[in-house]
Each structure stands twice: as C-alpha cells, then as structure tokens.
$ cat entry_22.txt   # compact mmCIF, C-alpha atoms
# COMPACT_ATOMS: atom_id res chain seq x y z
CA MET A 3 -141.28 109.65 -67.70
CA ALA A 4 -143.43 108.71 -64.70
CA LYS A 5 -143.76 105.06 -63.87
CA LEU A 6 -147.17 103.45 -63.68
CA SER A 7 -148.14 100.06 -62.33
CA TYR A 8 -151.19 97.86 -62.39
CA ILE A 9 -151.71 95.23 -59.71
CA ARG A 10 -155.11 93.93 -58.72
CA GLU A 11 -156.45 94.69 -55.26
CA ASN A 12 -156.91 90.97 -54.71
CA GLU A 13 -153.51 89.55 -55.60
CA SER A 14 -154.32 85.86 -55.03
CA GLN A 15 -156.74 85.20 -57.81
CA THR A 16 -154.78 83.33 -60.48
CA HIS A 17 -156.59 80.17 -59.43
CA LYS A 18 -159.95 81.95 -59.63
CA VAL A 19 -159.18 83.16 -63.15
CA GLU A 20 -158.13 79.65 -64.13
CA LYS A 21 -161.39 78.16 -62.82
CA MET A 22 -163.41 80.88 -64.51
CA PHE A 23 -161.91 80.22 -67.94
CA ASN A 24 -162.24 76.48 -67.44
CA SER A 25 -165.96 77.00 -66.82
CA ILE A 26 -166.57 78.90 -70.08
CA SER A 27 -164.03 77.17 -72.35
CA SER A 28 -166.58 75.18 -74.36
CA LYS A 29 -168.64 78.30 -75.18
CA TYR A 30 -165.87 80.90 -75.29
CA ASP A 31 -165.36 81.05 -79.08
CA LYS A 32 -169.04 81.49 -79.89
CA LEU A 33 -169.57 84.12 -77.21
CA ASN A 34 -166.41 85.98 -78.19
CA LYS A 35 -167.76 86.40 -81.70
CA ILE A 36 -171.09 87.64 -80.33
CA ILE A 37 -169.71 90.21 -77.88
CA THR A 38 -167.18 91.62 -80.41
CA PHE A 39 -169.65 91.42 -83.31
CA GLY A 40 -167.12 89.22 -85.08
CA MET A 41 -164.54 92.00 -85.30
CA ASP A 42 -161.98 90.17 -83.15
CA THR A 43 -160.96 88.04 -86.15
CA SER A 44 -159.86 91.07 -88.17
CA TRP A 45 -157.99 92.45 -85.17
CA ARG A 46 -156.17 89.14 -84.69
CA ARG A 47 -155.31 89.26 -88.38
CA LYS A 48 -153.58 92.60 -87.80
CA VAL A 49 -151.64 91.10 -84.88
CA CYS A 50 -150.57 88.29 -87.21
CA GLN A 51 -149.45 90.78 -89.88
CA ILE A 52 -147.30 92.69 -87.36
CA ALA A 53 -145.74 89.45 -86.14
CA GLY A 54 -145.21 88.24 -89.69
CA LYS A 55 -143.20 91.33 -90.62
CA CYS A 56 -140.58 90.20 -88.08
CA LYS A 57 -139.94 87.00 -90.08
CA PRO A 58 -140.06 84.97 -86.84
CA LYS A 59 -138.77 81.45 -86.36
CA LYS A 60 -140.06 80.92 -82.82
CA ILE A 61 -143.25 82.48 -81.47
CA LEU A 62 -144.72 82.44 -77.97
CA ASP A 63 -148.48 82.96 -77.80
CA ILE A 64 -149.38 83.79 -74.20
CA ALA A 65 -152.88 83.39 -72.76
CA THR A 66 -153.67 81.55 -75.98
CA GLY A 67 -157.14 80.54 -74.78
CA THR A 68 -158.73 78.32 -77.40
CA GLY A 69 -155.77 78.77 -79.73
CA ASP A 70 -157.17 81.01 -82.47
CA MET A 71 -154.19 83.38 -82.39
CA ALA A 72 -151.63 80.58 -82.35
CA ILE A 73 -153.33 78.92 -85.31
CA MET A 74 -153.37 82.16 -87.26
CA LEU A 75 -149.69 82.73 -86.45
CA SER A 76 -148.89 79.40 -88.11
CA GLU A 77 -149.28 81.29 -91.41
CA THR A 78 -146.09 83.26 -90.65
CA THR A 79 -142.53 82.09 -91.25
CA ALA A 80 -142.37 80.55 -87.77
CA ASP A 81 -141.02 77.01 -87.51
CA SER A 82 -142.54 76.55 -84.06
CA ILE A 83 -145.22 78.21 -81.96
CA LEU A 84 -145.63 77.59 -78.25
CA ALA A 85 -149.16 78.37 -77.05
CA VAL A 86 -149.46 78.72 -73.27
CA ASP A 87 -152.36 79.35 -70.90
CA ILE A 88 -153.21 78.73 -67.25
CA SER A 89 -156.56 77.16 -68.15
CA GLU A 90 -156.50 73.44 -68.90
CA GLY A 91 -160.04 73.66 -70.28
CA MET A 92 -159.08 76.34 -72.79
CA LEU A 93 -155.97 74.43 -73.87
CA MET A 94 -158.00 71.26 -74.41
CA VAL A 95 -160.19 73.15 -76.90
CA ALA A 96 -157.08 74.66 -78.51
CA GLN A 97 -155.42 71.27 -78.87
CA GLN A 98 -158.51 69.81 -80.53
CA LYS A 99 -158.42 72.61 -83.11
CA ILE A 100 -154.69 72.19 -83.69
CA ASN A 101 -155.04 68.43 -84.19
CA LYS A 102 -158.01 68.85 -86.53
CA LEU A 103 -156.02 71.27 -88.71
CA GLY A 104 -152.94 69.04 -88.74
CA LEU A 105 -150.78 71.67 -87.06
CA SER A 106 -149.52 69.64 -84.09
CA SER A 107 -146.01 69.46 -85.56
CA LYS A 108 -145.83 73.26 -85.63
CA ILE A 109 -147.90 74.33 -82.62
CA SER A 110 -147.39 72.92 -79.13
CA THR A 111 -149.44 73.78 -76.04
CA SER A 112 -148.40 74.05 -72.43
CA ILE A 113 -150.08 74.96 -69.15
CA GLN A 114 -147.99 77.90 -67.94
CA ASN A 115 -148.41 81.10 -65.97
CA ALA A 116 -147.24 84.14 -67.96
CA GLU A 117 -145.66 85.57 -64.82
CA ASN A 118 -143.50 82.48 -64.28
CA LEU A 119 -142.71 80.99 -67.68
CA ASN A 120 -140.83 77.70 -67.92
CA GLU A 121 -138.69 78.95 -70.79
CA LYS A 122 -135.04 80.00 -71.11
CA ASP A 123 -133.88 83.56 -71.59
CA GLY A 124 -133.82 85.02 -75.11
CA VAL A 125 -135.56 82.18 -76.96
CA PHE A 126 -138.44 83.72 -78.93
CA ASP A 127 -138.53 86.17 -81.82
CA VAL A 128 -142.12 87.27 -81.16
CA ALA A 129 -144.49 87.06 -78.20
CA SER A 130 -148.20 87.72 -78.66
CA VAL A 131 -150.84 88.31 -75.99
CA VAL A 132 -154.43 88.63 -77.20
CA TYR A 133 -156.99 89.66 -74.58
CA GLY A 134 -154.81 88.20 -71.86
CA ILE A 135 -152.66 90.79 -70.13
CA ARG A 136 -155.56 92.20 -68.13
CA ASN A 137 -155.78 88.82 -66.40
CA PHE A 138 -152.20 89.04 -65.08
CA GLU A 139 -152.04 89.45 -61.31
CA SER A 140 -149.07 91.79 -61.73
CA LEU A 141 -148.96 93.36 -65.17
CA THR A 142 -145.38 94.59 -64.78
CA LYS A 143 -144.13 91.22 -63.62
CA GLY A 144 -145.83 89.47 -66.52
CA LEU A 145 -144.44 91.90 -69.09
CA LYS A 146 -140.93 91.62 -67.64
CA GLU A 147 -141.16 87.86 -67.85
CA ILE A 148 -142.17 88.10 -71.51
CA CYS A 149 -139.26 90.46 -72.09
CA ARG A 150 -136.90 87.92 -70.51
CA VAL A 151 -137.77 85.12 -72.92
CA LEU A 152 -137.60 87.33 -76.03
CA LYS A 153 -134.42 87.61 -78.09
CA GLU A 154 -132.55 90.91 -78.07
CA ASP A 155 -134.41 92.14 -81.16
CA GLY A 156 -137.66 90.44 -80.13
CA THR A 157 -141.11 91.93 -80.59
CA ILE A 158 -144.14 91.88 -78.32
CA VAL A 159 -147.61 92.30 -79.86
CA ILE A 160 -150.59 92.88 -77.58
CA LEU A 161 -154.29 93.12 -78.39
CA GLU A 162 -156.38 94.27 -75.46
CA THR A 163 -159.61 96.03 -74.61
CA SER A 164 -159.48 99.80 -74.18
CA VAL A 165 -161.87 102.65 -73.48
CA PRO A 166 -162.56 105.16 -76.31
CA ARG A 167 -161.43 108.72 -75.58
CA ASN A 168 -164.33 110.43 -77.35
CA ARG A 169 -166.94 111.11 -74.64
CA PHE A 170 -169.91 110.01 -76.77
CA LEU A 171 -168.20 106.79 -77.88
CA LYS A 172 -167.04 106.25 -74.31
CA PHE A 173 -170.60 106.51 -73.02
CA GLY A 174 -171.82 103.90 -75.51
CA TYR A 175 -168.84 101.65 -74.80
CA LEU A 176 -169.35 101.76 -71.04
CA LEU A 177 -173.08 101.17 -71.39
CA TYR A 178 -172.46 98.09 -73.51
CA THR A 179 -169.46 96.75 -71.56
CA LYS A 180 -170.78 97.32 -68.03
CA TYR A 181 -174.43 96.38 -68.50
CA ILE A 182 -175.44 94.81 -71.82
CA MET A 183 -172.46 92.52 -72.54
CA PRO A 184 -172.21 90.82 -69.12
CA LYS A 185 -175.97 90.20 -68.92
CA LEU A 186 -176.22 88.82 -72.45
CA SER A 187 -173.07 86.70 -72.11
CA GLY A 188 -174.09 85.51 -68.67
CA ILE A 189 -177.42 84.24 -70.00
CA LEU A 190 -175.87 82.53 -73.04
CA SER A 191 -172.95 81.01 -71.15
CA GLY A 192 -174.66 80.17 -67.87
CA SER A 193 -171.69 81.83 -66.11
CA PRO A 194 -172.73 85.41 -65.26
CA ALA A 195 -169.90 85.85 -62.74
CA ALA A 196 -167.29 85.11 -65.40
CA TYR A 197 -168.52 87.78 -67.75
CA LYS A 198 -169.04 90.25 -64.93
CA TYR A 199 -165.34 89.78 -64.17
CA LEU A 200 -164.38 90.26 -67.85
CA SER A 201 -166.54 93.38 -68.01
CA ASP A 202 -164.99 94.90 -64.88
CA THR A 203 -161.43 94.27 -66.05
CA ALA A 204 -162.15 95.69 -69.50
CA VAL A 205 -163.42 98.96 -68.02
CA ASN A 206 -160.73 99.39 -65.35
CA PHE A 207 -157.61 98.20 -67.18
CA PRO A 208 -155.05 100.87 -68.21
CA CYS A 209 -154.93 101.65 -71.90
CA GLY A 210 -153.36 103.98 -74.43
CA GLU A 211 -150.52 106.13 -73.08
CA ASP A 212 -150.92 104.69 -69.57
CA LEU A 213 -150.30 101.15 -70.80
CA LYS A 214 -147.50 102.37 -73.06
CA ILE A 215 -145.60 103.65 -70.01
CA ILE A 216 -146.03 100.31 -68.23
CA ILE A 217 -144.79 98.43 -71.32
CA GLU A 218 -141.73 100.70 -71.54
CA ASP A 219 -140.95 100.29 -67.84
CA ALA A 220 -141.00 96.50 -68.31
CA GLY A 221 -138.07 96.65 -70.76
CA PHE A 222 -139.53 97.59 -74.14
CA GLU A 223 -139.05 100.52 -76.50
CA ASN A 224 -140.59 101.97 -79.67
CA VAL A 225 -144.11 101.23 -78.41
CA HIS A 226 -146.76 101.73 -81.07
CA ILE A 227 -150.42 102.27 -80.14
CA CYS A 228 -152.98 101.22 -82.76
CA PRO A 229 -156.65 101.75 -81.70
CA GLN A 230 -159.25 99.44 -83.25
CA PHE A 231 -162.94 100.29 -83.80
CA PHE A 232 -162.69 103.83 -82.41
CA GLY A 233 -160.62 102.62 -79.45
CA ALA A 234 -162.81 99.78 -78.18
CA SER A 235 -159.71 97.59 -78.44
CA THR A 236 -156.07 98.51 -79.06
CA ILE A 237 -153.04 96.78 -80.56
CA TYR A 238 -149.69 97.61 -79.00
CA HIS A 239 -146.39 96.43 -80.42
CA ALA A 240 -142.88 97.14 -79.21
CA LYS A 241 -139.27 95.96 -79.34
CA LYS A 242 -137.23 94.59 -76.48
CA LYS A 243 -134.71 97.21 -75.42
CA THR A 244 -131.23 96.59 -76.75
CA ILE A 245 -129.28 98.92 -74.47
CA SER A 246 -125.76 97.55 -74.07
CA GLY A 247 -125.31 95.65 -70.84
CA MET A 248 -128.98 95.84 -69.87
CA LYS A 249 -130.11 92.77 -67.95
CA TYR A 250 -133.59 91.44 -67.44
CA GLU A 251 -134.51 89.95 -64.14
CA ASN A 252 -135.47 86.30 -64.26
CA GLN A 253 -138.92 86.29 -62.64
CA ARG A 254 -138.91 82.59 -61.90
$ encode --input "entry_22.txt" --output "structure tokens"
Amino acid sequence: MAKLSYIRENESQTHKVEKMFNSISSKYDKLNKIITFGMDTSWRRKVCQIAGKCKPKKILDIATGTGDMAIMLSETTADSILAVDISEGMLMVAQQKINKLGLSSKISTSIQNAENLNEKDGVFDVASVVYGIRNFESLTKGLKEICRVLKEDGTIVILETSVPRNRFLKFGYLLYTKYIMPKLSGILSGSPAAYKYLSDTAVNFPCGEDLKIIIEDAGFENVHICPQFFGASTIYHAKKKTISGMKYENQR
C-alpha cells in the first residue's frame, strides 16, 4: 500500500496555532455549536461510545480544547483521563468546566504538544483526538507519538472534518466551509483570521482512504472509517499494531 504524508508548507506554526486558539477560547464553544449546527455533540457521543467499548482505565484526550470530549469520556469505565492541549487559554476554560462538574479527581489537564508528549510508552488504553489532528505540524509524527503512549491493545479514536464525496454535497460543503462559515464566525468571534485558518485546513486536510493510509503507516491496524452527516466529518478508530517485536520510535 502506498504511503501518504501530510506536513504543512509552513512547518513552524505551532506557536501561531497556540496563539490563535488562545484568542478564541472564550467564544469557541458557542461558535462550535453554531458552525456545526449543534451536531458535534452527537458525533462526540459516538466517539465516547467507541472508547467505552474498550473498557478503558486510562484515557488520553489530545487537543482537548475546552474539555468537552474529556468530560464526556468521564462516563466510561476510565479511572483517569489526561486532557492535553497546546493552548493555555483553551485549557483554562476546560479546567473551569471540570471543576464546576466536580470531575477534577478524574480528569487532569496539561499543556502538551501532541507531537512531543511527556508520557511514558504504553500507558493509555484509549487516545481520542477530536478536531485536532489537522492542527498537527506533522501528522505522521503526531500519530506515531500517540501510538507510542498507547498500550499494545490500545485504541485511537479520531473525529475530524472531511469533504463529502458526492459532487452535489461537496459543492454545498465547500461553499459553506470556504465562504459562509469563516465570514460568519469571524464576525461573531472578532477573529476572522482564526476561522479562515480553520476553514482552509478543513478543506485541504486528507480524509477517508487517504487518512486511513496515514494512520496505518503510523503504526495502527484495523482502521474503521465512519462518515458523519454525509461525510462532512468522519470518525476513524483503529488498534495499535501488535506485530511481535515491532517497536515504536520515541518521538521525544
């Protein structure tokens, strides 16, 4: 199977992404509901159901943002959930939610870069990434790092934007994502550049079979592709490869 890769043209923009999410952190939840028409909650619920079937004890929620996914994952069998993000502003909002719900004993937050996690090998049963992998500077490096910290039978669950394959649906999706969504969100948030960035990455990011190949090349197998709302977003879930003697490079 041919190998694919996804690395941004401008490799040095982790700090820019961090600043961008800091700038919209206080309005992110409200705007997210508006631009997804509230459907993101049901999609997160499906991510939670997939994770829950693994009967996890330790979960890593990467690019947790304002913590909605981590909070939902607290309903699983997990004893502990580590929610990480590069944005301090996002994590501050997440921590406020966690404290308000009395979940601080179960969910901890940490400022970490997904491509250089401060965690030991083979620690987590499940890793989730909701609308976060398209912000990785190197997608393959980030996925390999996630693979490293998962246990041998660990599961990765990803929810990410995707482009519908049907040409009519694709036309409507691109019209909304490239023109309507960034303008509307820019006006409501006061940060048009941030939502222009999110729009561009949503349109250009690999999806479907292309992303499946990248996930497999990073050390995963049995990749399942589950389109949501006619393919406007997609859930991917896979197992860490358990080939005897296979080693995963420590990306730190």
$ closest_residue --input "entry_22.txt" --among "A:Asp63, A:Asp212, A:Asp42, A:Glu162" --to "Leu200 of chain A" --atoms "all atoms listed in the file"
A:Glu162
$ closest_atom_pairs --input "entry_22.txt" --of "segment 32-62 of chain A" --to "segment 66-69 of chain A" --cutoff "12 Å" --atoms "all atoms listed in the file" --output "Markdown table"
| residue | atom | partner | partner_atom | distance |
| --- | --- | --- | --- | --- |
| A:Lys32 | CA | A:Thr68 | CA | 11.1 |
| A:Asn34 | CA | A:Thr68 | CA | 10.9 |
| A:Arg46 | CA | A:Gly69 | CA | 11.5 |
| A:Ile61 | CA | A:Thr66 | CA | 11.8 |
| A:Leu62 | CA | A:Thr66 | CA | 9.2 |
$ residues_around --input "entry_22.txt" --residues "Gly104 of chain A" --least-positions-apart "6" --cutoff "12 Å" --atoms "only C-alpha atoms" --output "PDB file with C-alpha atoms, in the frame of the given file"
ATOM      1  CA  ILE A  73    -153.330  78.920 -85.310  1.00  0.00           C
ATOM      2  CA  SER A  76    -148.890  79.400 -88.110  1.00  0.00           C
ATOM      3  CA  GLN A  97    -155.420  71.270 -78.870  1.00  0.00           C
ATOM      4  CA  GLN A  98    -158.510  69.810 -80.530  1.00  0.00           C
ATOM      5  CA  SER A 110    -147.390  72.920 -79.130  1.00  0.00           C
TER       6      SER A 110
END
$ residues_around --input "entry_22.txt" --residues "Ile36 of chain A" --least-positions-apart "6" --cutoff "12 Å" --atoms "all atoms listed in the file" --output "JSON, numbers by chain"
{"A": [29, 30, 42, 43, 182, 183, 184, 186, 187, 190, 191]}
$ write_last_selection --input "entry_22.txt" --atoms "C-alpha atoms" --output "mmCIF file, in the coordinates of the input"
data_model
loop_
_atom_site.group_PDB
_atom_site.id
_atom_site.type_symbol
_atom_site.label_atom_id
_atom_site.label_comp_id
_atom_site.auth_asym_id
_atom_site.auth_seq_id
_atom_site.Cartn_x
_atom_site.Cartn_y
_atom_site.Cartn_z
ATOM 1 C CA LYS A 29 -168.640 78.300 -75.180
ATOM 2 C CA TYR A 30 -165.870 80.900 -75.290
ATOM 3 C CA ASP A 42 -161.980 90.170 -83.150
ATOM 4 C CA THR A 43 -160.960 88.040 -86.150
ATOM 5 C CA ILE A 182 -175.440 94.810 -71.820
ATOM 6 C CA MET A 183 -172.460 92.520 -72.540
ATOM 7 C CA PRO A 184 -172.210 90.820 -69.120
ATOM 8 C CA LEU A 186 -176.220 88.820 -72.450
ATOM 9 C CA SER A 187 -173.070 86.700 -72.110
ATOM 10 C CA LEU A 190 -175.870 82.530 -73.040
ATOM 11 C CA SER A 191 -172.950 81.010 -71.150
#
$ closest_residue --input "entry_22.txt" --among "A:His226, A:Asp31, A:Ser82, A:Thr38" --to "Ala96 of chain A" --atoms "only C-alpha atoms"
A:Asp31
$ atom_distance --input "entry_22.txt" --atom1 "atom CA of Cys56 of chain A" --atom2 "atom CA of Asn224 of chain A"
14.5 Å
$ residues_near_point --input "entry_22.txt" --point "(-161.5, 91.1, -70.7)" --cutoff "9 Å" --atoms "all atoms listed in the file" --output "PyMOL selection string"
chain A and resi 133-137+162-163+197+199-205+207
$ atom_distance --input "entry_22.txt" --atom1 "atom CA of Leu119 of chain A" --atom2 "atom CA of Phe138 of chain A"
12.7 Å
$ closest_residue --input "entry_22.txt" --among "A:Ser235, A:Thr157, A:Ser107, A:Asn168" --to "Ser130 of chain A" --atoms "all atoms listed in the file"
A:Thr157
$ decode --input "entry_22.txt" --residues "segment 182-202 of chain A" --atoms "N, CA and C atoms" --output "mmCIF file, in the first residue's frame"
data_model
loop_
_atom_site.group_PDB
_atom_site.id
_atom_site.type_symbol
_atom_site.label_atom_id
_atom_site.label_comp_id
_atom_site.auth_asym_id
_atom_site.auth_seq_id
_atom_site.Cartn_x
_atom_site.Cartn_y
_atom_site.Cartn_z
ATOM 1 N N ILE A 182 -19.022 30.925 3.715
ATOM 2 C CA ILE A 182 -20.025 31.326 4.705
ATOM 3 C C ILE A 182 -19.513 31.186 6.135
ATOM 4 N N MET A 183 -18.985 29.994 6.483
ATOM 5 C CA MET A 183 -18.542 29.736 7.847
ATOM 6 C C MET A 183 -17.460 30.701 8.333
ATOM 7 N N PRO A 184 -16.381 30.925 7.573
ATOM 8 C CA PRO A 184 -15.343 31.829 8.082
ATOM 9 C C PRO A 184 -15.810 33.270 8.245
ATOM 10 N N LYS A 185 -16.693 33.732 7.345
ATOM 11 C CA LYS A 185 -17.192 35.108 7.461
ATOM 12 C C LYS A 185 -18.101 35.257 8.676
ATOM 13 N N LEU A 186 -19.033 34.311 8.839
ATOM 14 C CA LEU A 186 -19.952 34.357 9.968
ATOM 15 C C LEU A 186 -19.190 34.229 11.297
ATOM 16 N N SER A 187 -18.297 33.249 11.375
ATOM 17 C CA SER A 187 -17.540 33.023 12.606
ATOM 18 C C SER A 187 -16.591 34.179 12.891
ATOM 19 N N GLY A 188 -16.022 34.747 11.840
ATOM 20 C CA GLY A 188 -15.122 35.879 12.019
ATOM 21 C C GLY A 188 -15.834 37.076 12.613
ATOM 22 N N ILE A 189 -17.066 37.315 12.155
ATOM 23 C CA ILE A 189 -17.863 38.435 12.679
ATOM 24 C C ILE A 189 -18.239 38.190 14.139
ATOM 25 N N LEU A 190 -18.701 36.977 14.441
ATOM 26 C CA LEU A 190 -19.152 36.666 15.801
ATOM 27 C C LEU A 190 -18.007 36.579 16.801
ATOM 28 N N SER A 191 -16.859 36.115 16.329
ATOM 29 C CA SER A 191 -15.725 35.932 17.246
ATOM 30 C C SER A 191 -14.816 37.153 17.324
ATOM 31 N N GLY A 192 -14.834 37.973 16.281
ATOM 32 C CA GLY A 192 -13.892 39.085 16.215
ATOM 33 C C GLY A 192 -12.513 38.636 15.801
ATOM 34 N N SER A 193 -12.376 37.369 15.357
ATOM 35 C CA SER A 193 -11.083 36.820 14.943
ATOM 36 C C SER A 193 -11.221 36.156 13.568
ATOM 37 N N PRO A 194 -11.392 36.960 12.514
ATOM 38 C CA PRO A 194 -11.590 36.387 11.175
ATOM 39 C C PRO A 194 -10.427 35.526 10.704
ATOM 40 N N ALA A 195 -9.202 35.885 11.079
ATOM 41 C CA ALA A 195 -8.033 35.115 10.635
ATOM 42 C C ALA A 195 -8.061 33.703 11.197
ATOM 43 N N ALA A 196 -8.531 33.557 12.435
ATOM 44 C CA ALA A 196 -8.585 32.243 13.070
ATOM 45 C C ALA A 196 -9.512 31.314 12.315
ATOM 46 N N TYR A 197 -10.676 31.810 11.958
ATOM 47 C CA TYR A 197 -11.638 30.952 11.280
ATOM 48 C C TYR A 197 -11.335 30.784 9.803
ATOM 49 N N LYS A 198 -10.570 31.695 9.243
ATOM 50 C CA LYS A 198 -10.071 31.486 7.876
ATOM 51 C C LYS A 198 -9.084 30.323 7.897
ATOM 52 N N TYR A 199 -8.242 30.274 8.922
ATOM 53 C CA TYR A 199 -7.297 29.170 9.074
ATOM 54 C C TYR A 199 -8.043 27.843 9.227
ATOM 55 N N LEU A 200 -9.050 27.808 10.108
ATOM 56 C CA LEU A 200 -9.811 26.582 10.347
ATOM 57 C C LEU A 200 -10.538 26.133 9.084
ATOM 58 N N SER A 201 -11.025 27.091 8.319
ATOM 59 C CA SER A 201 -11.691 26.774 7.056
ATOM 60 C C SER A 201 -10.719 26.154 6.071
ATOM 61 N N ASP A 202 -9.551 26.767 5.915
ATOM 62 C CA ASP A 202 -8.551 26.272 4.965
ATOM 63 C C ASP A 202 -8.097 24.862 5.313
#
